[in-house]
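Below is data-v9.pdb, holding PDB, C-alpha atoms, pLDDT in the B column.
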ATOM      1  CA  MET A 410      18.828 -35.797 -12.330  1.00 49.00           C
ATOM      2  CA  MET A 411      20.743 -37.567  -9.606  1.00 57.00           C
ATOM      3  CA  SER A 412      19.276 -40.508  -7.787  1.00 61.00           C
ATOM      4  CA  GLY A 413      17.358 -39.384  -4.690  1.00 62.00           C
ATOM      5  CA  THR A 414      16.930 -35.739  -5.767  1.00 65.00           C
ATOM      6  CA  ARG A 415      13.525 -36.013  -7.404  1.00 70.00           C
ATOM      7  CA  LYS A 416      11.671 -34.252  -4.569  1.00 73.00           C
ATOM      8  CA  ILE A 417      14.073 -31.335  -4.250  1.00 77.00           C
ATOM      9  CA  LYS A 418      12.474 -28.142  -5.469  1.00 74.00           C
ATOM     10  CA  PRO A 419      14.336 -25.241  -7.117  1.00 70.00           C
ATOM     11  CA  ALA A 420      15.438 -22.424  -4.828  1.00 68.00           C
ATOM     12  CA  LEU A 421      12.932 -19.634  -4.256  1.00 68.00           C
ATOM     13  CA  ARG A 422      13.596 -16.418  -6.102  1.00 64.00           C
ATOM     14  CA  ASP A 423      14.237 -13.363  -3.905  1.00 64.00           C
ATOM     15  CA  GLU A 424      12.050 -10.546  -5.276  1.00 59.00           C
ATOM     16  CA  GLN A 425      14.492  -7.966  -3.933  1.00 61.00           C
ATOM     17  CA  ASP A 426      17.126  -9.292  -6.334  1.00 72.00           C
ATOM     18  CA  SER A 427      14.877  -7.992  -9.137  1.00 80.00           C
ATOM     19  CA  ALA A 428      14.932  -4.406 -10.282  1.00 89.00           C
ATOM     20  CA  PRO A 429      12.061  -2.367  -8.816  1.00 91.00           C
ATOM     21  CA  ALA A 430       9.050  -1.910 -11.112  1.00 92.00           C
ATOM     22  CA  GLY A 431       8.641   1.644  -9.834  1.00 93.00           C
ATOM     23  CA  ARG A 432       9.251   4.074  -7.008  1.00 96.00           C
ATOM     24  CA  CYS A 433       6.902   5.605  -4.471  1.00 96.00           C
ATOM     25  CA  GLY A 434       5.933   9.129  -5.488  1.00 96.00           C
ATOM     26  CA  ARG A 435       6.170  10.247  -1.866  1.00 96.00           C
ATOM     27  CA  CYS A 436       9.146   8.519  -0.219  1.00 96.00           C
ATOM     28  CA  ALA A 437      10.925   7.283  -3.398  1.00 96.00           C
ATOM     29  CA  GLY A 438      11.021   3.764  -1.923  1.00 96.00           C
ATOM     30  CA  GLU A 439      11.232   0.799  -4.262  1.00 94.00           C
ATOM     31  CA  ILE A 440       8.003  -0.857  -5.405  1.00 93.00           C
ATOM     32  CA  TYR A 441       8.270  -4.337  -6.910  1.00 92.00           C
ATOM     33  CA  GLU A 442       6.107  -6.095  -9.470  1.00 91.00           C
ATOM     34  CA  GLY A 443       3.087  -7.639  -7.766  1.00 91.00           C
ATOM     35  CA  GLU A 444       2.961  -5.067  -4.948  1.00 93.00           C
ATOM     36  CA  HIS A 445       0.007  -2.748  -4.527  1.00 93.00           C
ATOM     37  CA  VAL A 446       0.352   0.967  -5.153  1.00 95.00           C
ATOM     38  CA  TYR A 447      -2.177   3.672  -4.368  1.00 96.00           C
ATOM     39  CA  ASN A 448      -2.763   6.676  -6.580  1.00 96.00           C
ATOM     40  CA  TRP A 449      -2.988   9.543  -4.075  1.00 90.00           C
ATOM     41  CA  GLU A 450      -3.183  13.128  -5.283  1.00 90.00           C
ATOM     42  CA  GLY A 451      -1.956  12.116  -8.735  1.00 94.00           C
ATOM     43  CA  ARG A 452       1.047  10.065  -7.561  1.00 94.00           C
ATOM     44  CA  ASP A 453       1.498   6.319  -7.109  1.00 95.00           C
ATOM     45  CA  ILE A 454       2.533   5.751  -3.510  1.00 96.00           C
ATOM     46  CA  CYS A 455       3.518   2.701  -1.464  1.00 95.00           C
ATOM     47  CA  PRO A 456       1.270   1.124   1.197  1.00 95.00           C
ATOM     48  CA  ASP A 457       3.294   2.695   4.049  1.00 95.00           C
ATOM     49  CA  CYS A 458       2.881   6.199   2.647  1.00 96.00           C
ATOM     50  CA  PHE A 459      -0.812   5.567   1.950  1.00 96.00           C
ATOM     51  CA  ARG A 460      -1.364   4.513   5.583  1.00 95.00           C
ATOM     52  CA  ALA A 461       0.484   7.608   6.780  1.00 96.00           C
ATOM     53  CA  ALA A 462      -1.585   9.883   4.517  1.00 94.00           C
ATOM     54  CA  ILE A 463      -4.873   8.332   5.667  1.00 94.00           C
ATOM     55  CA  GLY A 464      -3.785   8.596   9.303  1.00 95.00           C
ATOM     56  CA  LYS A 465      -2.958  12.278   8.855  1.00 95.00           C
ATOM     57  CA  TRP A 466      -6.258  12.879   7.067  1.00 93.00           C
ATOM     58  CA  MET A 467      -8.112  11.111   9.881  1.00 93.00           C
ATOM     59  CA  GLN A 468      -6.429  13.336  12.475  1.00 96.00           C
ATOM     60  CA  GLU A 469      -6.808  16.631  10.615  1.00 96.00           C
ATOM     61  CA  ASP A 470     -10.099  16.372   8.681  1.00 95.00           C
ATOM     62  CA  THR A 471     -12.439  13.694  10.004  1.00 93.00           C
ATOM     63  CA  LYS A 472     -15.487  15.245   8.305  1.00 93.00           C
ATOM     64  CA  GLY A 473     -13.682  15.403   4.943  1.00 93.00           C
ATOM     65  CA  LEU A 474     -12.643  11.757   5.270  1.00 93.00           C
ATOM     66  CA  ALA A 475     -16.209  10.757   6.151  1.00 95.00           C
ATOM     67  CA  ALA A 476     -17.516  12.623   3.104  1.00 95.00           C
ATOM     68  CA  ALA A 477     -14.971  10.916   0.827  1.00 93.00           C
ATOM     69  CA  LEU A 478     -16.043   7.530   2.190  1.00 93.00           C
ATOM     70  CA  GLU A 479     -19.705   8.530   1.804  1.00 96.00           C
ATOM     71  CA  VAL A 480     -20.310   8.147   5.535  1.00 96.00           C
ATOM     72  CA  VAL A 481     -23.371  10.058   6.752  1.00 95.00           C
ATOM     73  CA  THR A 482     -22.609  12.446   9.598  1.00 92.00           C
ATOM     74  CA  ARG A 483     -25.006  14.429  11.795  1.00 91.00           C
ATOM     75  CA  LEU A 484     -25.003  16.618  14.871  1.00 91.00           C
ATOM     76  CA  LEU A 485     -26.616  15.224  17.983  1.00 93.00           C
ATOM     77  CA  GLY A 486     -28.861  17.262  20.293  1.00 88.00           C
ATOM     78  CA  GLY A 487     -28.599  20.991  20.888  1.00 69.00           C
ATOM     79  CA  GLY A 488     -31.247  21.842  18.314  1.00 63.00           C
ATOM     80  CA  GLY A 489     -33.611  23.989  20.334  1.00 55.00           C
TER
END

Could you express the structure from this file as structure tokens?
Amino acid sequence: MMSGTRKIKPALRDEQDSAPAGRCGRCAGEIYEGEHVYNWEGRDICPDCFRAAIGKWMQEDTKGLAAALEVVTRLLGGGG
């Protein structure tokens, strides 16, 4: 160790220099070790694809999403 270099820390490792640990089952994007994946319809997908799938589900089937999240739904008024 050279004089005066004691406080210098080693360079940070760039995770993207590593090989991906897997690929998204929807977009085929790279997923690296330590990243979250979501198993959606039998495939591991990346966070971006999971957000897109939830957004689509929210737009197309609000009642189905509520049921999956165990949210109680009810109709208001109009009952006679």

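In this model, the gap between CA of Gly434 in chain A and CA of Gln468 in chain A comes to 22.2 Å.
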
Shell of 9 Å around Arg452 in chain A, all atoms listed in the file, local chain residues under 3 positions omitted, as a CSV table (one decimal) with C-alpha atoms, keeping the file's coordinate frame:
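This is the output file result.csv:
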chain,number,residue,atom,x,y,z
A,433,CYS,CA,6.9,5.6,-4.5
A,434,GLY,CA,5.9,9.1,-5.5
A,435,ARG,CA,6.2,10.2,-1.9
A,447,TYR,CA,-2.2,3.7,-4.4
A,448,ASN,CA,-2.8,6.7,-6.6
A,449,TRP,CA,-3.0,9.5,-4.1

Ala462 in chain A surroundings by only C-alpha atoms, 12 Å radius, close-in-sequence under 4 positions cut, as a ChimeraX atom specification: /A:435-436,447-450,454-458,466-470,474

Write a file of the selected residues as an mmCIF file, in the coordinates of the input, keeping C-alpha atoms.
data_model
loop_
_atom_site.group_PDB
_atom_site.id
_atom_site.type_symbol
_atom_site.label_atom_id
_atom_site.label_comp_id
_atom_site.auth_asym_id
_atom_site.auth_seq_id
_atom_site.Cartn_x
_atom_site.Cartn_y
_atom_site.Cartn_z
ATOM 1 C CA ARG A 435 6.170 10.247 -1.866
ATOM 2 C CA CYS A 436 9.146 8.519 -0.219
ATOM 3 C CA TYR A 447 -2.177 3.672 -4.368
ATOM 4 C CA ASN A 448 -2.763 6.676 -6.580
ATOM 5 C CA TRP A 449 -2.988 9.543 -4.075
ATOM 6 C CA GLU A 450 -3.183 13.128 -5.283
ATOM 7 C CA ILE A 454 2.533 5.751 -3.510
ATOM 8 C CA CYS A 455 3.518 2.701 -1.464
ATOM 9 C CA PRO A 456 1.270 1.124 1.197
ATOM 10 C CA ASP A 457 3.294 2.695 4.049
ATOM 11 C CA CYS A 458 2.881 6.199 2.647
ATOM 12 C CA TRP A 466 -6.258 12.879 7.067
ATOM 13 C CA MET A 467 -8.112 11.111 9.881
ATOM 14 C CA GLN A 468 -6.429 13.336 12.475
ATOM 15 C CA GLU A 469 -6.808 16.631 10.615
ATOM 16 C CA ASP A 470 -10.099 16.372 8.681
ATOM 17 C CA LEU A 474 -12.643 11.757 5.270
#

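Take CA of Gly464 in chain A and CA of Glu439 in chain A: the distance between them is 21.7 Å.
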
Best match for closeness to Asp453 in chain A among A:Arg432, A:Gly473, A:Tyr441, A:Pro419, counting all atoms listed in the file: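 Closest to Asp453 in chain A of all the choices is A:Arg432.
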
Separation of CA of Asp426 in chain A from CA of Gly451 in chain A in Å: 28.8 Å
